[in-house]
$ cat query02.pdb   # PDB, C-alpha atoms
MODEL        1
ATOM      1  CA  ALA R 119     126.537  91.507  88.681  1.00  0.00           C
ATOM      2  CA  MET R 120     126.375  94.118  91.420  1.00  0.00           C
ATOM      3  CA  ILE R 121     128.974  94.515  94.160  1.00  0.00           C
ATOM      4  CA  ILE R 122     128.363  96.528  97.336  1.00  0.00           C
ATOM      5  CA  ASP R 123     131.305  97.025  99.699  1.00  0.00           C
ATOM      6  CA  VAL R 124     129.982  98.032 103.128  1.00  0.00           C
ATOM      7  CA  VAL R 125     132.532  99.916 105.234  1.00  0.00           C
ATOM      8  CA  ASN R 126     131.066  99.817 108.736  1.00  0.00           C
ATOM      9  CA  GLU R 127     132.809 102.543 110.737  1.00  0.00           C
ATOM     10  CA  SER R 128     130.443 102.149 113.686  1.00  0.00           C
ATOM     11  CA  GLU R 129     130.874 100.080 116.835  1.00  0.00           C
ATOM     12  CA  LEU R 130     127.742  98.085 115.972  1.00  0.00           C
ATOM     13  CA  GLU R 131     127.619  94.683 114.314  1.00  0.00           C
ATOM     14  CA  PHE R 132     124.588  94.247 112.058  1.00  0.00           C
ATOM     15  CA  THR R 133     122.962  90.911 111.299  1.00  0.00           C
ATOM     16  CA  PHE R 134     121.029  90.205 108.096  1.00  0.00           C
ATOM     17  CA  ASP R 135     117.291  90.573 108.773  1.00  0.00           C
ATOM     18  CA  GLY R 136     115.580  90.305 105.376  1.00  0.00           C
ATOM     19  CA  ASP R 137     115.465  91.083 101.676  1.00  0.00           C
ATOM     20  CA  TRP R 138     113.175  91.340  98.671  1.00  0.00           C
ATOM     21  CA  LEU R 139     114.775  90.710  95.291  1.00  0.00           C
ATOM     22  CA  LYS R 140     112.776  91.682  92.214  1.00  0.00           C
ATOM     23  CA  ALA R 141     115.580  90.657  89.863  1.00  0.00           C
ATOM     24  CA  GLY R 142     118.838  88.815  90.426  1.00  0.00           C
ATOM     25  CA  GLU R 143     119.969  86.822  93.444  1.00  0.00           C
ATOM     26  CA  TRP R 144     122.738  86.735  96.022  1.00  0.00           C
ATOM     27  CA  LYS R 145     125.940  85.059  94.883  1.00  0.00           C
ATOM     28  CA  GLY R 146     126.531  82.123  97.190  1.00  0.00           C
ATOM     29  CA  ASP R 147     124.807  82.222 100.578  1.00  0.00           C
ATOM     30  CA  ARG R 148     122.633  85.084 101.720  1.00  0.00           C
ATOM     31  CA  PRO R 149     124.608  87.837 103.391  1.00  0.00           C
ATOM     32  CA  GLY R 150     125.495  87.401 107.037  1.00  0.00           C
ATOM     33  CA  THR R 151     126.710  90.123 109.355  1.00  0.00           C
ATOM     34  CA  LEU R 152     128.167  93.539 108.675  1.00  0.00           C
ATOM     35  CA  ALA R 153     131.150  93.432 111.011  1.00  0.00           C
ATOM     36  CA  ALA R 154     131.781  96.354 113.357  1.00  0.00           C
ATOM     37  CA  ARG R 155     134.702  98.522 112.180  1.00  0.00           C
ATOM     38  CA  GLY R 156     135.108  96.219 109.192  1.00  0.00           C
ATOM     39  CA  ILE R 157     134.445  95.814 105.481  1.00  0.00           C
ATOM     40  CA  THR R 158     131.880  93.357 104.130  1.00  0.00           C
ATOM     41  CA  ARG R 159     131.406  92.596 100.438  1.00  0.00           C
ATOM     42  CA  LEU R 160     127.872  91.913  99.181  1.00  0.00           C
ATOM     43  CA  GLU R 161     127.581  90.451  95.699  1.00  0.00           C
ATOM     44  CA  LEU R 162     124.494  89.859  93.567  1.00  0.00           C
ATOM     45  CA  SER R 163     124.271  88.062  90.246  1.00  0.00           C
ATOM     46  CA  SER R 164     122.067  89.415  87.462  1.00  0.00           C
ATOM     47  CA  SER R 165     119.010  87.851  85.860  1.00  0.00           C
ATOM     48  CA  LEU R 166     117.586  88.756  82.429  1.00  0.00           C
ATOM     49  CA  GLU R 167     116.331  92.020  83.954  1.00  0.00           C
ATOM     50  CA  GLY R 168     119.555  92.834  85.770  1.00  0.00           C
ATOM     51  CA  THR R 169     119.598  93.289  89.538  1.00  0.00           C
ATOM     52  CA  SER R 170     116.942  95.007  91.637  1.00  0.00           C
ATOM     53  CA  GLY R 171     115.739  94.756  95.205  1.00  0.00           C
ATOM     54  CA  LEU R 172     116.245  95.742  98.794  1.00  0.00           C
ATOM     55  CA  ALA R 173     117.792  94.341 101.954  1.00  0.00           C
ATOM     56  CA  TRP R 174     118.097  95.297 105.587  1.00  0.00           C
ATOM     57  CA  TRP R 175     120.185  94.460 108.633  1.00  0.00           C
ATOM     58  CA  VAL R 176     119.652  95.170 112.344  1.00  0.00           C
ATOM     59  CA  ASP R 177     122.227  95.613 115.093  1.00  0.00           C
ATOM     60  CA  THR R 178     122.874  92.492 117.155  1.00  0.00           C
ATOM     61  CA  ALA R 179     123.112  94.308 120.506  1.00  0.00           C
ATOM     62  CA  GLU R 180     119.686  95.942 120.886  1.00  0.00           C
ATOM     63  CA  CYS R 181     117.884  95.406 117.551  1.00  0.00           C
ATOM     64  CA  SER R 182     117.195  99.139 117.417  1.00  0.00           C
ATOM     65  CA  THR R 183     119.493 100.412 114.640  1.00  0.00           C
ATOM     66  CA  TYR R 184     118.907  99.357 111.042  1.00  0.00           C
ATOM     67  CA  VAL R 185     120.905  99.439 107.822  1.00  0.00           C
ATOM     68  CA  SER R 186     118.353  99.438 104.979  1.00  0.00           C
ATOM     69  CA  MET R 187     119.222  99.741 101.300  1.00  0.00           C
ATOM     70  CA  THR R 188     117.614  99.662  97.888  1.00  0.00           C
ATOM     71  CA  PHE R 189     119.584  98.885  94.740  1.00  0.00           C
ATOM     72  CA  SER R 190     119.059  98.356  91.038  1.00  0.00           C
ATOM     73  CA  LYS R 191     121.382  97.713  88.123  1.00  0.00           C
ATOM     74  CA  PRO R 192     119.303  97.088  84.998  1.00  0.00           C
ATOM     75  CA  LEU R 193     120.916  95.625  81.890  1.00  0.00           C
ATOM     76  CA  ILE R 194     119.771  98.749  80.029  1.00  0.00           C
ATOM     77  CA  GLY R 195     119.687 102.010  81.937  1.00  0.00           C
ATOM     78  CA  LYS R 196     121.386 103.629  84.903  1.00  0.00           C
ATOM     79  CA  PRO R 197     121.948 101.906  88.250  1.00  0.00           C
ATOM     80  CA  THR R 198     120.378 103.363  91.408  1.00  0.00           C
ATOM     81  CA  PHE R 199     121.200 103.012  95.084  1.00  0.00           C
ATOM     82  CA  GLN R 200     120.241 104.473  98.418  1.00  0.00           C
ATOM     83  CA  CYS R 201     120.733 103.630 102.065  1.00  0.00           C
ATOM     84  CA  PHE R 202     119.115 104.476 105.399  1.00  0.00           C
ATOM     85  CA  VAL R 203     120.967 103.919 108.685  1.00  0.00           C
ATOM     86  CA  GLY R 204     119.209 104.156 112.025  1.00  0.00           C
ATOM     87  CA  VAL R 205     115.471 104.502 111.565  1.00  0.00           C
ATOM     88  CA  PRO R 206     114.142 102.467 108.612  1.00  0.00           C
ATOM     89  CA  PRO R 207     111.686 103.987 106.112  1.00  0.00           C
ATOM     90  CA  SER R 208     108.036 103.191 106.779  1.00  0.00           C
ATOM     91  CA  ASN R 209     107.839 101.261 103.479  1.00  0.00           C
ATOM     92  CA  LEU R 210     111.183 100.310 101.989  1.00  0.00           C
ATOM     93  CA  LYS R 211     109.633  98.931  98.777  1.00  0.00           C
ATOM     94  CA  THR R 212     108.321 102.357  97.779  1.00  0.00           C
ATOM     95  CA  GLU R 213     111.838 103.771  98.071  1.00  0.00           C
ATOM     96  CA  ILE R 214     113.080 101.707  95.109  1.00  0.00           C
ATOM     97  CA  GLY R 215     111.244 103.946  92.639  1.00  0.00           C
ATOM     98  CA  THR R 216     112.679 107.142  94.141  1.00  0.00           C
ATOM     99  CA  ALA R 217     116.280 106.004  94.591  1.00  0.00           C
ATOM    100  CA  PRO R 218     118.874 108.386  93.104  1.00  0.00           C
ATOM    101  CA  ARG R 219     121.204 107.388  90.301  1.00  0.00           C
ATOM    102  CA  LEU R 220     124.427 105.788  91.379  1.00  0.00           C
ATOM    103  CA  GLU R 221     127.297 108.149  90.569  1.00  0.00           C
ATOM    104  CA  VAL R 222     130.985 108.558  91.318  1.00  0.00           C
ATOM    105  CA  ASP R 223     130.159 111.659  93.373  1.00  0.00           C
ATOM    106  CA  ALA R 224     129.282 110.660  96.930  1.00  0.00           C
ATOM    107  CA  LYS R 225     125.638 110.818  98.047  1.00  0.00           C
ATOM    108  CA  SER R 226     124.710 111.146 101.699  1.00  0.00           C
ATOM    109  CA  GLY R 227     121.940 109.600 103.735  1.00  0.00           C
ATOM    110  CA  CYS R 228     121.272 109.484 107.457  1.00  0.00           C
ATOM    111  CA  SER R 229     124.566 108.373 109.083  1.00  0.00           C
ATOM    112  CA  CYS R 230     125.889 106.995 105.783  1.00  0.00           C
ATOM    113  CA  GLU R 231     127.289 107.913 102.378  1.00  0.00           C
ATOM    114  CA  TRP R 232     127.860 106.001  99.165  1.00  0.00           C
ATOM    115  CA  ALA R 233     129.470 106.352  95.762  1.00  0.00           C
ATOM    116  CA  SER R 234     130.241 104.296  92.683  1.00  0.00           C
ATOM    117  CA  THR R 235     133.752 103.189  91.896  1.00  0.00           C
ATOM    118  CA  SER R 236     135.258 103.313  88.413  1.00  0.00           C
ATOM    119  CA  ASP R 237     134.445  99.620  87.873  1.00  0.00           C
ATOM    120  CA  GLY R 238     130.763 100.086  88.846  1.00  0.00           C
ATOM    121  CA  ALA R 239     130.848  98.726  92.402  1.00  0.00           C
ATOM    122  CA  VAL R 240     129.189 100.576  95.281  1.00  0.00           C
ATOM    123  CA  VAL R 241     131.143 101.678  98.346  1.00  0.00           C
ATOM    124  CA  LEU R 242     128.805 102.315 101.287  1.00  0.00           C
ATOM    125  CA  LYS R 243     130.144 103.907 104.486  1.00  0.00           C
ATOM    126  CA  VAL R 244     128.106 103.394 107.669  1.00  0.00           C
ATOM    127  CA  LYS R 245     129.115 106.144 110.091  1.00  0.00           C
ATOM    128  CA  LYS R 246     129.249 106.186 113.867  1.00  0.00           C
ATOM    129  CA  GLY R 247     126.392 107.521 115.990  1.00  0.00           C
ATOM    130  CA  ALA R 248     123.376 106.289 114.029  1.00  0.00           C
ATOM    131  CA  PRO R 249     120.002 107.038 115.639  1.00  0.00           C
ATOM    132  CA  GLN R 250     118.079 104.189 117.240  1.00  0.00           C
ATOM    133  CA  PHE R 251     114.642 103.080 116.097  1.00  0.00           C
ATOM    134  CA  MET R 252     112.157 103.015 118.980  1.00  0.00           C
ATOM    135  CA  PRO R 253     108.753 101.750 117.798  1.00  0.00           C
ATOM    136  CA  ALA R 254     105.736 103.477 119.302  1.00  0.00           C
ATOM    137  CA  ALA R 255     104.155 101.568 122.160  1.00  0.00           C
ATOM    138  CA  ALA R 256     100.416 101.165 122.569  1.00  0.00           C
ATOM    139  CA  ALA R 257     100.604 103.572 125.501  1.00  0.00           C
ATOM    140  CA  ASP R 258     101.966 106.280 123.166  1.00  0.00           C
ATOM    141  CA  ALA R 259      99.226 105.803 120.591  1.00  0.00           C
ATOM    142  CA  ASP R 260      96.258 105.569 122.959  1.00  0.00           C
ATOM    143  CA  GLY R 261      95.811 108.279 125.544  1.00  0.00           C
ATOM    144  CA  ASN R 262      93.194 106.135 127.252  1.00  0.00           C
ATOM    145  CA  SER R 263      95.658 103.347 127.974  1.00  0.00           C
ATOM    146  CA  GLN R 264      96.363 104.889 131.368  1.00  0.00           C
ATOM    147  CA  GLN R 265      92.925 103.784 132.495  1.00  0.00           C
ATOM    148  CA  ASN R 266      92.657 100.545 134.391  1.00  0.00           C
ATOM    149  CA  PRO R 267      91.316  97.454 132.562  1.00  0.00           C
ATOM    150  CA  GLN R 268      87.931  97.672 134.303  1.00  0.00           C
ATOM    151  CA  ALA R 269      87.423 101.241 133.067  1.00  0.00           C
ATOM    152  CA  GLN R 270      88.367 100.242 129.527  1.00  0.00           C
ATOM    153  CA  ALA R 271      85.919  97.307 129.602  1.00  0.00           C
ATOM    154  CA  ALA R 272      83.154  99.559 130.920  1.00  0.00           C
ATOM    155  CA  ARG R 273      83.799 102.050 128.113  1.00  0.00           C
ATOM    156  CA  ALA R 274      83.647  99.266 125.505  1.00  0.00           C
ATOM    157  CA  ASP R 275      80.384  97.977 126.982  1.00  0.00           C
ATOM    158  CA  GLN R 276      78.855 101.444 126.732  1.00  0.00           C
ATOM    159  CA  GLN R 277      79.721 101.695 123.031  1.00  0.00           C
ATOM    160  CA  ALA R 278      78.210  98.351 121.972  1.00  0.00           C
ATOM    161  CA  PRO R 279      74.427  97.953 121.687  1.00  0.00           C
ATOM    162  CA  MET R 280      72.861  95.819 124.394  1.00  0.00           C
ATOM    163  CA  LEU R 281      70.153  93.206 124.021  1.00  0.00           C
ATOM    164  CA  PRO R 282      67.331  93.344 126.594  1.00  0.00           C
ATOM    165  CA  ASN R 283      67.044  90.672 129.264  1.00  0.00           C
ATOM    166  CA  GLU R 284      64.631  87.774 128.989  1.00  0.00           C
ATOM    167  CA  GLY R 285      61.099  88.788 129.902  1.00  0.00           C
ATOM    168  CA  SER R 286      61.383  92.280 128.372  1.00  0.00           C
ATOM    169  CA  ASP R 287      58.444  93.408 126.284  1.00  0.00           C
ATOM    170  CA  SER R 288      58.484  93.100 122.498  1.00  0.00           C
ATOM    171  CA  ALA R 289      58.950  96.872 121.979  1.00  0.00           C
ATOM    172  CA  ASP R 290      62.250  96.754 123.881  1.00  0.00           C
ATOM    173  CA  MET R 291      63.307  93.698 121.864  1.00  0.00           C
ATOM    174  CA  GLN R 292      62.490  95.383 118.528  1.00  0.00           C
ATOM    175  CA  THR R 293      64.372  98.538 119.515  1.00  0.00           C
ATOM    176  CA  ALA R 294      67.385  96.485 120.582  1.00  0.00           C
ATOM    177  CA  MET R 295      67.355  94.451 117.363  1.00  0.00           C
ATOM    178  CA  ARG R 296      67.145  97.650 115.296  1.00  0.00           C
ATOM    179  CA  GLU R 297      70.146  99.097 117.203  1.00  0.00           C
ATOM    180  CA  MET R 298      72.073  95.860 116.677  1.00  0.00           C
ATOM    181  CA  GLY R 299      71.305  95.966 112.941  1.00  0.00           C
ATOM    182  CA  ASN R 300      72.518  99.580 112.755  1.00  0.00           C
ATOM    183  CA  PHE R 301      75.665  98.607 114.639  1.00  0.00           C
ATOM    184  CA  TRP R 302      76.466  95.783 112.195  1.00  0.00           C
ATOM    185  CA  ALA R 303      75.657  97.987 109.190  1.00  0.00           C
ATOM    186  CA  GLN R 304      78.273 100.486 110.375  1.00  0.00           C
ATOM    187  CA  THR R 305      81.027  98.002 111.141  1.00  0.00           C
ATOM    188  CA  ARG R 306      80.857  95.253 108.526  1.00  0.00           C
ATOM    189  CA  PRO R 307      82.440  95.611 105.057  1.00  0.00           C
ATOM    190  CA  LYS R 308      80.026  96.802 102.380  1.00  0.00           C
ATOM    191  CA  ASP R 309      81.705  94.872  99.535  1.00  0.00           C
ATOM    192  CA  ALA R 310      85.003  93.183  98.664  1.00  0.00           C
ATOM    193  CA  THR R 311      86.874  96.489  98.270  1.00  0.00           C
ATOM    194  CA  ASP R 312      85.532  98.196 101.389  1.00  0.00           C
ATOM    195  CA  GLY R 313      88.434  99.189 103.596  1.00  0.00           C
ATOM    196  CA  VAL R 314      90.949  98.671 100.785  1.00  0.00           C
ATOM    197  CA  VAL R 315      90.133 101.625  98.554  1.00  0.00           C
ATOM    198  CA  ARG R 316      88.840 104.057 101.158  1.00  0.00           C
TER     199      ARG R 316
ENDMDL
END
$ encode --input "query02.pdb" --output "structure tokens"
Amino acid sequence: AMIIDVVNESELEFTFDGDWLKAGEWKGDRPGTLAARGITRLELSSSLEGTSGLAWWVDTAECSTYVSMTFSKPLIGKPTFQCFVGVPPSNLKTEIGTAPRLEVDAKSGCSCEWASTSDGAVVLKVKKGAPQFMPAAAADADGNSQQNPQAQAARADQQAPMLPNEGSDSADMQTAMREMGNFWAQTRPKDATDGVVR
């Protein structure tokens, strides 16, 4: 089994938002909230491989501050643990493989610290003043978003090949069809792995 005691020193209450368990399962119901200025015990039971996975919570007030953690306690080998408070990692699953060993000496993360107790439990402290996660808006990613919708539509029309009107001569039609074929050749997948491996 794995026990994680979360000491939430912040003013924020965090609600359970998701998990991914590779081995083991939660004892009883899934975890609920991490109470503000309180202590919450999380307990996982082991499977044949031990306990391994990740879980995350988000604050109930603005849904902008996260508590994300990865944990593992194999039946053979050393347990690992790490936590991120505030901004979540871009891919929490990849963090499992890089998590540090769980030791009695305290480890620090962003707005948190954790250590192992003598009986193998984890004590995680969530500190006050965690940064908020503000996802990028489309306006931040696209400098052209300031343009009005008509200008954006006109720009899109200019980029796509156009078919000639009815009554155009066959040379115009052949040129247009050739441009359309080139357009599709550039945009469609070449094979089943196109776009996945490159």
$ residues_around --input "query02.pdb" --residues "Phe199 in chain R" --least-positions-apart "5" --cutoff "10 Å" --atoms "only C-alpha atoms" --output "short mmCIF file (atom, residue, chain, number, x, y, z; two decimals) with C-alpha atoms, in the coordinates of the input"
data_model
loop_
_atom_site.label_atom_id
_atom_site.label_comp_id
_atom_site.auth_asym_id
_atom_site.auth_seq_id
_atom_site.Cartn_x
_atom_site.Cartn_y
_atom_site.Cartn_z
CA ILE R 122 128.36 96.53 97.34
CA SER R 170 116.94 95.01 91.64
CA GLY R 171 115.74 94.76 95.20
CA LEU R 172 116.24 95.74 98.79
CA MET R 187 119.22 99.74 101.30
CA THR R 188 117.61 99.66 97.89
CA PHE R 189 119.58 98.88 94.74
CA SER R 190 119.06 98.36 91.04
CA LYS R 191 121.38 97.71 88.12
CA GLU R 213 111.84 103.77 98.07
CA ILE R 214 113.08 101.71 95.11
CA THR R 216 112.68 107.14 94.14
CA ALA R 217 116.28 106.00 94.59
CA PRO R 218 118.87 108.39 93.10
CA ARG R 219 121.20 107.39 90.30
CA LEU R 220 124.43 105.79 91.38
CA GLU R 221 127.30 108.15 90.57
CA LYS R 225 125.64 110.82 98.05
CA TRP R 232 127.86 106.00 99.16
CA ALA R 233 129.47 106.35 95.76
CA SER R 234 130.24 104.30 92.68
CA VAL R 240 129.19 100.58 95.28
CA LEU R 242 128.80 102.32 101.29
#
$ resolve_selection --input "query02.pdb" --expression "the PyMOL selection byres ((chain R and resi 166) around 9)" --output "list in words"
Ala141, Gly142, Ser164, Ser165, Glu167, Gly168, Thr169, Pro192 and Leu193 of chain R
$ resolve_selection --input "query02.pdb" --expression "the PyMOL selection byres ((chain R and resi 231) around 9)" --output "PyMOL selection string"
chain R and resi 200-201+224-230+232-233+241-245
$ write_last_selection --input "query02.pdb" --atoms "C-alpha atoms" --output "short mmCIF file (atom, residue, chain, number, x, y, z; two decimals), keeping the file's coordinate frame"
data_model
loop_
_atom_site.label_atom_id
_atom_site.label_comp_id
_atom_site.auth_asym_id
_atom_site.auth_seq_id
_atom_site.Cartn_x
_atom_site.Cartn_y
_atom_site.Cartn_z
CA GLN R 200 120.24 104.47 98.42
CA CYS R 201 120.73 103.63 102.06
CA ALA R 224 129.28 110.66 96.93
CA LYS R 225 125.64 110.82 98.05
CA SER R 226 124.71 111.15 101.70
CA GLY R 227 121.94 109.60 103.74
CA CYS R 228 121.27 109.48 107.46
CA SER R 229 124.57 108.37 109.08
CA CYS R 230 125.89 107.00 105.78
CA TRP R 232 127.86 106.00 99.16
CA ALA R 233 129.47 106.35 95.76
CA VAL R 241 131.14 101.68 98.35
CA LEU R 242 128.80 102.32 101.29
CA LYS R 243 130.14 103.91 104.49
CA VAL R 244 128.11 103.39 107.67
CA LYS R 245 129.12 106.14 110.09
#
$ atom_distance --input "query02.pdb" --atom1 "CA of Trp174 in chain R" --atom2 "CA of Leu152 in chain R"
10.7 Å
$ axis_aligned_box --input "query02.pdb" --around "range 219-229 of chain R" --padding-each-side "6 Å" --output "AutoDock Vina command-line options"
--center_x 126.1 --center_y 108.7 --center_z 99.7 --size_x 21.8 --size_y 17.9 --size_z 30.8
$ closest_residue --input "query02.pdb" --among "R:Phe132, R:Asp237, R:Asn126, R:Pro207" --to "Asp177 in chain R" --atoms "only C-alpha atoms"
R:Phe132
$ resolve_selection --input "query02.pdb" --expression "the PyMOL selection byres ((chain R and resi 150) around 10)" --output "list in words"
Phe132, Thr133, Phe134, Asp135, Asp147, Arg148, Pro149, Thr151, Leu152, Ala153, Thr158, Leu160 and Trp175 of chain R
